[in-house]
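Asks: Got a structure for you, protein32.tsv, holding TSV, C-alpha atoms.
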chain	number	residue	atom	x	y	z
A	236	MET	CA	50.31	-16.12	30.45
A	237	VAL	CA	53.18	-18.54	29.90
A	238	PRO	CA	56.64	-17.18	29.07
A	239	LEU	CA	58.73	-18.37	26.11
A	240	ASN	CA	61.15	-20.16	28.44
A	241	TYR	CA	58.56	-22.71	29.49
A	242	TYR	CA	57.92	-23.76	25.90
A	243	LEU	CA	61.65	-24.09	25.26
A	244	ILE	CA	62.14	-26.11	28.44
A	245	LEU	CA	59.27	-28.42	27.44
A	246	SER	CA	60.86	-28.76	24.00
A	247	GLY	CA	64.21	-29.63	25.58
A	248	ILE	CA	62.64	-32.27	27.82
A	249	LEU	CA	60.80	-33.87	24.89
A	250	PHE	CA	64.03	-33.88	22.84
A	251	SER	CA	65.86	-35.62	25.70
A	252	ILE	CA	63.10	-38.23	25.94
A	253	GLY	CA	63.51	-38.85	22.20
A	254	THR	CA	67.30	-39.25	22.53
A	255	ALA	CA	66.83	-41.63	25.46
A	256	GLY	CA	64.43	-43.67	23.33
A	257	VAL	CA	66.94	-43.95	20.47
A	258	PHE	CA	69.59	-45.23	22.90
A	259	LEU	CA	67.45	-47.45	25.14
A	260	ARG	CA	65.02	-49.25	22.86
A	261	ARG	CA	65.97	-52.45	21.07
A	262	ASN	CA	63.31	-52.23	18.39
A	263	LEU	CA	63.77	-50.44	15.06
A	264	ILE	CA	60.16	-49.18	14.93
A	265	THR	CA	60.36	-47.66	18.41
A	266	VAL	CA	63.67	-46.05	17.46
A	267	LEU	CA	61.93	-44.40	14.48
A	268	LEU	CA	59.11	-43.27	16.79
A	269	SER	CA	61.71	-41.69	19.10
A	270	VAL	CA	63.12	-39.76	16.13
A	271	GLU	CA	59.59	-38.45	15.50
A	272	ILE	CA	59.44	-37.26	19.14
A	273	MET	CA	62.70	-35.36	18.62
A	274	LEU	CA	61.43	-33.75	15.39
A	275	ASN	CA	58.28	-32.65	17.20
A	276	ALA	CA	60.28	-31.13	20.06
A	277	VAL	CA	62.21	-29.04	17.53
A	278	ASN	CA	58.95	-28.02	15.82
A	279	LEU	CA	57.65	-26.75	19.16
A	280	SER	CA	60.70	-24.50	19.60
A	281	PHE	CA	60.33	-23.18	16.05
A	282	VAL	CA	56.68	-22.25	16.55
A	283	ALA	CA	57.30	-20.73	20.00
A	284	ILE	CA	60.23	-18.60	18.81
A	285	GLY	CA	58.30	-17.60	15.68
A	286	ARG	CA	55.45	-16.42	17.91
A	287	TYR	CA	57.96	-14.53	20.09
A	288	LEU	CA	59.49	-12.74	17.08
A	289	GLY	CA	56.10	-12.08	15.48
A	290	SER	CA	57.18	-13.90	12.31
A	291	VAL	CA	55.47	-16.70	10.36
A	292	ASP	CA	58.82	-18.22	9.35
A	293	GLY	CA	58.71	-20.51	12.40
A	294	GLN	CA	55.49	-22.09	11.20
A	295	ILE	CA	56.75	-22.36	7.63
A	296	ILE	CA	59.89	-24.24	8.64
A	297	THR	CA	57.69	-26.48	10.79
A	298	PHE	CA	55.72	-27.26	7.65
A	299	PHE	CA	58.95	-28.26	5.87
A	300	VAL	CA	60.08	-30.36	8.84
A	301	MET	CA	56.77	-32.23	8.70
A	302	THR	CA	57.24	-32.92	4.98
A	303	VAL	CA	60.76	-34.22	5.53
A	304	ALA	CA	59.50	-36.32	8.46
A	305	ALA	CA	56.89	-37.89	6.18
A	306	ALA	CA	59.55	-38.75	3.59
A	307	GLU	CA	61.85	-40.08	6.32
A	308	ALA	CA	59.10	-42.27	7.78
A	309	ALA	CA	58.22	-43.70	4.36
A	310	VAL	CA	61.82	-44.60	3.45
A	311	GLY	CA	62.69	-45.70	7.01
A	312	LEU	CA	59.71	-48.04	7.27
A	313	ALA	CA	60.46	-49.47	3.81
A	314	LEU	CA	64.00	-50.22	5.03
A	315	VAL	CA	62.59	-51.84	8.18
A	316	ILE	CA	60.36	-54.09	6.06
A	317	ALA	CA	63.27	-55.04	3.78
A	318	LEU	CA	65.52	-55.79	6.78
A	319	PHE	CA	62.80	-57.81	8.52
A	320	ARG	CA	62.50	-60.06	5.43
A	321	HIS	CA	66.18	-60.96	5.74
A	322	ARG	CA	66.54	-61.57	9.47
A	323	GLU	CA	63.03	-62.01	10.92
A	324	THR	CA	63.89	-59.68	13.81
A	325	LEU	CA	63.68	-55.95	14.51
A	326	SER	CA	66.51	-55.79	17.04
A	327	PRO	CA	69.22	-53.35	15.82
A	328	ASP	CA	71.86	-55.71	17.25
A	329	ALA	CA	71.05	-58.18	14.46
A	330	TYR	CA	72.11	-55.67	11.80
A	331	THR	CA	75.78	-55.12	12.51
A	332	SER	CA	77.03	-55.79	8.97
A	333	LEU	CA	76.27	-53.52	6.03
A	334	LYS	CA	76.32	-56.36	3.50
A	335	TRP	CA	75.39	-60.02	3.62
K	11	MET	CA	43.41	-20.11	31.82
K	12	ASP	CA	46.27	-20.22	29.32
K	13	THR	CA	48.65	-21.26	32.05
K	14	ILE	CA	46.45	-24.13	33.21
K	15	ALA	CA	45.99	-25.34	29.62
K	16	PHE	CA	49.77	-25.16	29.06
K	17	TYR	CA	50.52	-27.30	32.11
K	18	ILE	CA	47.85	-29.86	31.17
K	19	PHE	CA	49.10	-30.19	27.58
K	20	ALA	CA	52.75	-30.25	28.67
K	21	ALA	CA	52.04	-33.00	31.21
K	22	ILE	CA	50.15	-35.07	28.62
K	23	ALA	CA	52.96	-34.62	26.06
K	24	ILE	CA	55.73	-35.62	28.49
K	25	LEU	CA	53.86	-38.57	30.02
K	26	ALA	CA	52.81	-39.91	26.62
K	27	SER	CA	56.37	-39.56	25.25
K	28	LEU	CA	57.73	-41.39	28.31
K	29	GLY	CA	55.14	-44.09	27.63
K	30	VAL	CA	56.34	-44.38	24.01
K	31	ILE	CA	59.88	-45.26	25.08
K	32	GLY	CA	58.91	-46.94	28.37
K	33	GLN	CA	56.97	-50.02	27.31
K	34	GLY	CA	57.66	-52.88	24.95
K	35	ASN	CA	54.61	-53.09	22.70
K	36	PRO	CA	55.13	-51.05	19.49
K	37	MET	CA	51.37	-50.86	18.93
K	38	HIS	CA	50.88	-49.08	22.27
K	39	SER	CA	53.89	-46.88	21.49
K	40	VAL	CA	52.26	-45.65	18.27
K	41	MET	CA	48.97	-44.96	20.07
K	42	LEU	CA	50.72	-43.03	22.86
K	43	LEU	CA	52.67	-41.04	20.28
K	44	ILE	CA	49.36	-39.98	18.69
K	45	VAL	CA	48.26	-38.74	22.15
K	46	SER	CA	51.51	-36.80	22.46
K	47	PHE	CA	51.00	-35.22	19.02
K	48	GLY	CA	47.47	-34.19	20.03
K	49	ALA	CA	48.83	-32.45	23.12
K	50	LEU	CA	51.43	-30.65	20.97
K	51	ALA	CA	48.64	-29.51	18.63
K	52	GLY	CA	46.95	-27.99	21.69
K	53	LEU	CA	50.18	-26.15	22.52
K	54	TYR	CA	50.31	-24.79	18.94
K	55	ILE	CA	46.79	-23.41	19.44
K	56	LEU	CA	48.02	-21.67	22.62
K	57	LEU	CA	50.89	-20.23	20.54
K	58	GLN	CA	48.44	-18.66	18.04
K	59	ALA	CA	49.39	-21.16	15.33
K	60	PRO	CA	46.12	-22.87	14.28
K	61	PHE	CA	47.47	-23.77	10.82
K	62	THR	CA	50.37	-25.70	12.34
K	63	ALA	CA	48.02	-27.35	14.84
K	64	VAL	CA	45.76	-28.60	12.04
K	65	THR	CA	48.64	-29.86	9.89
K	66	GLN	CA	50.05	-31.55	12.99
K	67	ILE	CA	46.81	-33.49	13.45
K	68	ILE	CA	46.24	-34.27	9.76
K	69	ILE	CA	49.79	-35.06	8.62
K	70	TYR	CA	51.47	-36.36	11.78
K	71	ALA	CA	48.70	-37.96	13.83
K	72	GLY	CA	46.80	-38.92	10.68
K	73	ALA	CA	49.06	-39.85	7.79
K	74	ILE	CA	52.47	-40.67	9.30
K	75	MET	CA	51.14	-42.60	12.29
K	76	VAL	CA	48.81	-44.65	10.05
K	77	LEU	CA	51.91	-45.60	8.06
K	78	PHE	CA	53.62	-46.73	11.27
K	79	LEU	CA	50.53	-48.68	12.35
K	80	PHE	CA	50.40	-50.45	9.00
K	81	VAL	CA	54.02	-51.55	9.32
K	82	VAL	CA	53.59	-52.64	12.95
K	83	MET	CA	50.60	-54.79	12.01
K	84	LEU	CA	52.22	-56.04	8.80
K	85	LEU	CA	55.39	-57.25	10.50
K	86	ASN	CA	53.43	-58.71	13.43
K	87	VAL	CA	56.20	-58.45	16.03
K	88	PRO	CA	54.23	-57.28	19.05
K	89	ARG	CA	57.01	-57.44	21.65
K	90	GLU	CA	60.72	-56.97	21.92
K	91	GLU	CA	62.76	-58.86	24.48
K	92	PRO	CA	62.29	-57.10	27.84
K	93	VAL	CA	65.45	-55.12	28.55
K	94	PRO	CA	65.16	-51.58	29.92
K	95	VAL	CA	63.15	-49.76	32.62
K	96	THR	CA	64.32	-52.01	35.48
K	97	ALA	CA	67.57	-51.21	37.25
K	98	ALA	CA	69.00	-54.59	36.22
K	99	GLY	CA	68.18	-53.83	32.56
K	100	MET	CA	69.97	-50.49	32.78
K	101	LEU	CA	73.18	-52.32	33.63
K	102	GLY	CA	73.12	-54.05	30.24
K	103	PRO	CA	75.29	-52.93	27.33
K	104	THR	CA	77.62	-50.06	28.13
K	105	ALA	CA	76.42	-48.05	25.13
K	106	MET	CA	72.88	-48.01	26.52
K	107	LYS	CA	74.12	-46.82	29.90
K	108	ILE	CA	76.15	-44.01	28.34
K	109	GLY	CA	73.24	-43.03	26.12
K	110	ALA	CA	70.81	-42.87	29.03
K	111	VAL	CA	73.25	-40.78	31.07
K	112	LEU	CA	73.83	-38.40	28.13
K	113	SER	CA	70.08	-37.92	27.63
K	114	VAL	CA	69.57	-37.08	31.29
K	115	VAL	CA	72.54	-34.67	31.17
K	116	LEU	CA	71.03	-33.03	28.07
K	117	ALA	CA	67.69	-32.55	29.82
K	118	ILE	CA	69.34	-31.11	32.94
K	119	GLU	CA	71.48	-28.73	30.87
K	120	VAL	CA	68.54	-27.39	28.86
K	121	VAL	CA	66.30	-26.94	31.90
K	122	TRP	CA	69.06	-25.38	33.99
K	123	GLY	CA	70.23	-22.99	31.24
K	124	LEU	CA	66.75	-21.80	30.30
K	125	SER	CA	65.57	-21.36	33.87
K	126	ARG	CA	68.55	-19.13	34.64
K	127	LEU	CA	67.26	-16.58	32.12
K	128	GLY	CA	64.49	-14.35	33.35
K	129	PRO	CA	61.05	-15.09	31.92
K	130	THR	CA	60.71	-13.82	28.35
K	131	TRP	CA	57.10	-12.81	27.70
K	132	PHE	CA	55.32	-12.94	24.36
K	133	SER	CA	54.28	-9.51	23.10
K	134	GLN	CA	50.54	-8.98	23.05
K	135	ASP	CA	50.11	-6.28	20.38
K	136	ALA	CA	48.07	-6.88	17.23
K	137	GLU	CA	51.05	-7.11	14.85
K	138	ALA	CA	52.70	-9.94	16.78
K	139	ALA	CA	49.39	-11.78	16.96
K	140	GLY	CA	49.33	-11.73	13.12
K	141	VAL	CA	51.31	-15.00	13.09
K	142	SER	CA	47.99	-16.82	13.33
K	143	SER	CA	46.91	-15.56	9.89
K	144	VAL	CA	46.85	-18.42	7.37
K	145	SER	CA	46.81	-16.03	4.40
K	146	ARG	CA	50.06	-14.46	5.66
K	147	ILE	CA	51.63	-17.92	5.93
K	148	GLY	CA	50.49	-18.71	2.40
K	149	ASN	CA	51.88	-15.45	1.02
K	150	VAL	CA	55.30	-15.97	2.56
K	151	LEU	CA	55.37	-19.68	1.69
K	152	PHE	CA	54.60	-19.17	-2.01
K	153	THR	CA	56.78	-16.09	-2.54
K	154	ASP	CA	59.87	-16.09	-0.32
K	155	HIS	CA	60.03	-19.86	0.08
K	156	ALA	CA	58.67	-20.91	-3.32
K	157	PHE	CA	61.89	-22.72	-4.30
K	158	ALA	CA	61.99	-24.71	-1.06
K	159	PHE	CA	58.33	-25.59	-1.56
K	160	GLU	CA	58.99	-26.95	-5.06
K	161	ALA	CA	62.08	-28.80	-3.84
K	162	THR	CA	59.86	-30.44	-1.21
K	163	SER	CA	57.62	-31.87	-3.92
K	164	ILE	CA	60.63	-33.47	-5.62
K	165	LEU	CA	61.79	-34.82	-2.23
K	166	ILE	CA	58.41	-36.48	-1.66
K	167	LEU	CA	58.43	-37.96	-5.17
K	168	VAL	CA	61.92	-39.40	-4.62
K	169	ALA	CA	60.93	-40.75	-1.19
K	170	MET	CA	57.83	-42.39	-2.66
K	171	VAL	CA	59.76	-44.09	-5.47
K	172	GLY	CA	62.52	-45.04	-3.04
K	173	ALA	CA	60.09	-46.61	-0.57
K	174	VAL	CA	58.49	-48.69	-3.33
K	175	VAL	CA	61.86	-49.85	-4.68
K	176	ILE	CA	63.34	-50.70	-1.25
K	177	ALA	CA	60.31	-52.57	0.09
K	178	ARG	CA	59.72	-54.49	-3.15
K	179	ARG	CA	60.19	-58.23	-3.05
K	180	GLU	CA	63.25	-59.34	-4.99
K	181	HIS	CA	62.64	-61.71	-7.87
Represent the structure of the file as structure tokens.

Replies:
Amino acid sequence: MVPLNYYLILSGILFSIGTAGVFLRRNLITVLLSVEIMLNAVNLSFVAIGRYLGSVDGQIITFFVMTVAAAEAAVGLALVIALFRHRETLSPDAYTSLKW
Amino acid sequence: MDTIAFYIFAAIAILASLGVIGQGNPMHSVMLLIVSFGALAGLYILLQAPFTAVTQIIIYAGAIMVLFLFVVMLLNVPREEPVPVTAAGMLGPTAMKIGAVLSVVLAIEVVWGLSRLGPTWFSQDAEAAGVSSVSRIGNVLFTDHAFAFEATSILILVAMVGAVVIARREH
């Protein structure tokens, strides 16, 4: 059997990888993918702690996180498409002004 | 058996996530992220959460990643300028250096703090194993969390309309 700690440690490592991706990548799509990694790491902790407490609330909040992630991906990718039309690049350094 | 499966899935998830942020082709990043989501679905099965595992595959690996793939192919920007991974690339902008250091510190803190606690075992009795019951999830979702569920539908409607309006070509 695997104790709860191992799942939480794995979740923490995945979350750190996601944060590193947000900071290190120079591509808006990869930055969005890193945010998805972070959301998944949090989902893993929710499910593991829900299993530990014998409650289904962990899985239910995971369900809501997935829904919000779907909405975030849809709006985020629409923004990426709109930005790409203006500047023909996906590098976040090109988008330093809010208005042009 | 459980332990071996946990280590295999954990290794796949970590390696695939490192691959997502470690190489420059967004198409490969999306594919590796699907692999990582599959490994997480396996971990959910180990945690007695088959419903979450199935929604993970259908919604995340299916729907959301297809959306990402569409955008990657639509924009047709296969590569970014090569910056990170190498030691010379790490010495680039100061913000990137600080961010990388903070992420490593975060990982070390979490691992150190959680490994100082003694192992916390999952209880094995029948009541705790009831978290795998889909009918129990449905009951709680549509009674205690009914308002949040309905709010979610409005959120998705707003996100759908917003995505169409933002991505529309201006006339």

Asks: Do a neighbour search on A:Ser280 at 12 Å with all atoms listed in the file, toss out local chain neighbours closer than 3 positions, and write the hits as a PyMOL selection string.

Replies: (chain A and resi 239-250+273-277+283-287+293-294+296-297) or (chain K and resi 50+53-54+57)

Asks: Write out as CSV a residue-level contact list of stretch 240-332 of chain A versus stretch 163-172 of chain K with cut-off 12 Å: for each qualifying residue the closest pair of atoms and the distance in Å to one decimal, counting all atoms listed in the file, rows sorted by chain and residue number upward.

Replies:
residue,atom,partner,partner_atom,distance
A:Phe299,CA,K:Ser163,CA,10.5
A:Met301,CA,K:Ile166,CA,11.3
A:Thr302,CA,K:Ile166,CA,7.6
A:Val303,CA,K:Leu165,CA,7.9
A:Ala304,CA,K:Ile166,CA,10.2
A:Ala305,CA,K:Ile166,CA,8.1
A:Ala306,CA,K:Ala169,CA,5.4
A:Glu307,CA,K:Ala169,CA,7.6
A:Ala308,CA,K:Ala169,CA,9.3
A:Ala309,CA,K:Ala169,CA,6.8
A:Val310,CA,K:Ala169,CA,6.1
A:Gly311,CA,K:Ala169,CA,9.7
A:Leu312,CA,K:Gly172,CA,11.1
A:Ala313,CA,K:Gly172,CA,8.4
A:Leu314,CA,K:Gly172,CA,9.7

Asks: Which of these residues is nearest to chain K, using only C-alpha atoms: A:Leu263, A:Leu318, A:Val300, A:Ala255?

Replies: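 Nearest to chain K: A:Ala255.
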
Asks: Would you list the contacts of stretch 59-68 of chain K as a list in words, taking every protein, DNA or RNA residue within 9 Å and counting all atoms listed in the file, but skipping same-chain residues closer than 2 positions in sequence?

Replies: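 What passes the distance filter is Val282, Arg286, Gln294, Ile295, Thr297, Phe298 and Met301 of chain A; Ile44, Phe47, Gly48, Leu50, Ala51, Gly52, Leu53, Tyr54, Ile55, Leu56, Leu57, Tyr70, Ala71, Gly72, Ala73, Ile74, Val141, Ser142, Ser143, Val144 and Ile147 of chain K.
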
Asks: Return the single residue from K:Glu160, K:Ala21, K:Met75, K:Ala173 that is closest to chain A, with distances computed using all atoms listed in the file.

Replies: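 Residue with the minimum atom-to-atom distance to chain A: K:Ala173.
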
Asks: For each of K:Thr130, K:Ala161, K:Ala49, K:Glu180, take the minimum atom-to-atom distance to A:Met236, counting all atoms listed in the file, then give the residue where this is smallest.

Replies: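 That would be K:Thr130, the residue with the smallest distance to A:Met236.
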
Asks: To one decimal in Å, tell me the separation between atom CA of K:Phe19 and atom CA of A:Ile252.

Replies: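 Answer for the atom CA of K:Phe19 to atom CA of A:Ile252 separation: 16.2 Å.
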
Asks: Which of these residues is nearest to K:Val82, using all atoms listed in the file: A:Gly256, A:Ile316, A:Glu271, A:Asp328?

Replies: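 Smallest separation from K:Val82 among the options: A:Ile316.
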
Asks: Set the distance at 6 Å and use all atoms listed in the file: which residues neighbour A:Ser269 once local chain neighbours fewer than 2 positions away are removed? I'd like the list as JSON, numbers by chain.

Replies: {"A": [253, 256, 257, 266, 267, 271, 272]}

Asks: Box for stretch 37-48 of chain K: with edges along x, y and z, all listed atoms inside and 5 Å added on each side, what are the centre and edge lengths in Å to one decimal, as JSON?

Replies:
{"center_x": 50.7, "center_y": -42.5, "center_z": 20.6, "size_x": 16.4, "size_y": 26.7, "size_z": 14.6}

Asks: Between K:Trp131, K:Phe159, K:Phe152, K:Phe80, single out the one closest to chain A, counting all atoms listed in the file.

Replies: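 Of all the options, K:Trp131 lies closest to chain A.
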
Asks: From the list K:Gly109, K:Leu25, K:Tyr17, K:Phe157, which residue is nearest chain A when using all atoms listed in the file?

Replies: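 Nearest candidate to chain A out of K:Gly109, K:Leu25, K:Tyr17, K:Phe157: K:Gly109.
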
Asks: Any idea what the distance is between atom CA of K:Gly29 and atom CA of K:Leu42?

Replies: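 That distance, rounded to one decimal, is 6.6 Å.
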
Asks: Can you complete the atoms of stretch 21-39 of chain K to N, CA and C atoms and list them as a PDB file, in the frame of the given file?

Replies:
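Result file is result.pdb:
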ATOM      1  N   ALA K  21      51.994 -31.739  30.456  1.00  0.00           N
ATOM      2  CA  ALA K  21      52.040 -33.000  31.210  1.00  0.00           C
ATOM      3  C   ALA K  21      51.641 -34.161  30.329  1.00  0.00           C
ATOM      4  N   ILE K  22      50.586 -33.969  29.508  1.00  0.00           N
ATOM      5  CA  ILE K  22      50.150 -35.070  28.620  1.00  0.00           C
ATOM      6  C   ILE K  22      51.280 -35.410  27.651  1.00  0.00           C
ATOM      7  N   ALA K  23      51.913 -34.361  27.061  1.00  0.00           N
ATOM      8  CA  ALA K  23      52.960 -34.620  26.060  1.00  0.00           C
ATOM      9  C   ALA K  23      54.117 -35.384  26.681  1.00  0.00           C
ATOM     10  N   ILE K  24      54.560 -34.970  27.882  1.00  0.00           N
ATOM     11  CA  ILE K  24      55.730 -35.620  28.490  1.00  0.00           C
ATOM     12  C   ILE K  24      55.378 -37.041  28.913  1.00  0.00           C
ATOM     13  N   LEU K  25      54.217 -37.227  29.553  1.00  0.00           N
ATOM     14  CA  LEU K  25      53.860 -38.570  30.020  1.00  0.00           C
ATOM     15  C   LEU K  25      53.678 -39.518  28.834  1.00  0.00           C
ATOM     16  N   ALA K  26      53.026 -39.037  27.769  1.00  0.00           N
ATOM     17  CA  ALA K  26      52.810 -39.910  26.620  1.00  0.00           C
ATOM     18  C   ALA K  26      54.137 -40.258  25.952  1.00  0.00           C
ATOM     19  N   SER K  27      55.067 -39.270  25.868  1.00  0.00           N
ATOM     20  CA  SER K  27      56.370 -39.560  25.250  1.00  0.00           C
ATOM     21  C   SER K  27      57.153 -40.550  26.099  1.00  0.00           C
ATOM     22  N   LEU K  28      57.071 -40.408  27.438  1.00  0.00           N
ATOM     23  CA  LEU K  28      57.730 -41.390  28.310  1.00  0.00           C
ATOM     24  C   LEU K  28      57.117 -42.769  28.097  1.00  0.00           C
ATOM     25  N   GLY K  29      55.781 -42.808  27.890  1.00  0.00           N
ATOM     26  CA  GLY K  29      55.140 -44.090  27.630  1.00  0.00           C
ATOM     27  C   GLY K  29      55.630 -44.712  26.332  1.00  0.00           C
ATOM     28  N   VAL K  30      55.887 -43.861  25.308  1.00  0.00           N
ATOM     29  CA  VAL K  30      56.340 -44.380  24.010  1.00  0.00           C
ATOM     30  C   VAL K  30      57.637 -45.157  24.185  1.00  0.00           C
ATOM     31  N   ILE K  31      58.583 -44.593  24.957  1.00  0.00           N
ATOM     32  CA  ILE K  31      59.880 -45.260  25.080  1.00  0.00           C
ATOM     33  C   ILE K  31      59.907 -46.199  26.271  1.00  0.00           C
ATOM     34  N   GLY K  32      58.850 -46.188  27.120  1.00  0.00           N
ATOM     35  CA  GLY K  32      58.910 -46.940  28.370  1.00  0.00           C
ATOM     36  C   GLY K  32      58.314 -48.320  28.346  1.00  0.00           C
ATOM     37  N   GLN K  33      57.571 -48.690  27.300  1.00  0.00           N
ATOM     38  CA  GLN K  33      56.970 -50.020  27.310  1.00  0.00           C
ATOM     39  C   GLN K  33      57.236 -50.737  25.995  1.00  0.00           C
ATOM     40  N   GLY K  34      57.088 -52.064  26.015  1.00  0.00           N
ATOM     41  CA  GLY K  34      57.660 -52.880  24.950  1.00  0.00           C
ATOM     42  C   GLY K  34      56.773 -53.125  23.747  1.00  0.00           C
ATOM     43  N   ASN K  35      55.499 -52.769  23.807  1.00  0.00           N
ATOM     44  CA  ASN K  35      54.610 -53.090  22.700  1.00  0.00           C
ATOM     45  C   ASN K  35      54.577 -51.943  21.692  1.00  0.00           C
ATOM     46  N   PRO K  36      55.086 -52.145  20.463  1.00  0.00           N
ATOM     47  CA  PRO K  36      55.130 -51.050  19.490  1.00  0.00           C
ATOM     48  C   PRO K  36      53.746 -50.497  19.167  1.00  0.00           C
ATOM     49  N   MET K  37      52.724 -51.347  19.218  1.00  0.00           N
ATOM     50  CA  MET K  37      51.370 -50.860  18.930  1.00  0.00           C
ATOM     51  C   MET K  37      50.957 -49.792  19.947  1.00  0.00           C
ATOM     52  N   HIS K  38      51.209 -50.070  21.241  1.00  0.00           N
ATOM     53  CA  HIS K  38      50.880 -49.080  22.270  1.00  0.00           C
ATOM     54  C   HIS K  38      51.750 -47.840  22.116  1.00  0.00           C
ATOM     55  N   SER K  39      53.020 -48.026  21.691  1.00  0.00           N
ATOM     56  CA  SER K  39      53.890 -46.880  21.490  1.00  0.00           C
ATOM     57  C   SER K  39      53.312 -45.930  20.448  1.00  0.00           C
TER      58      SER K  39
END
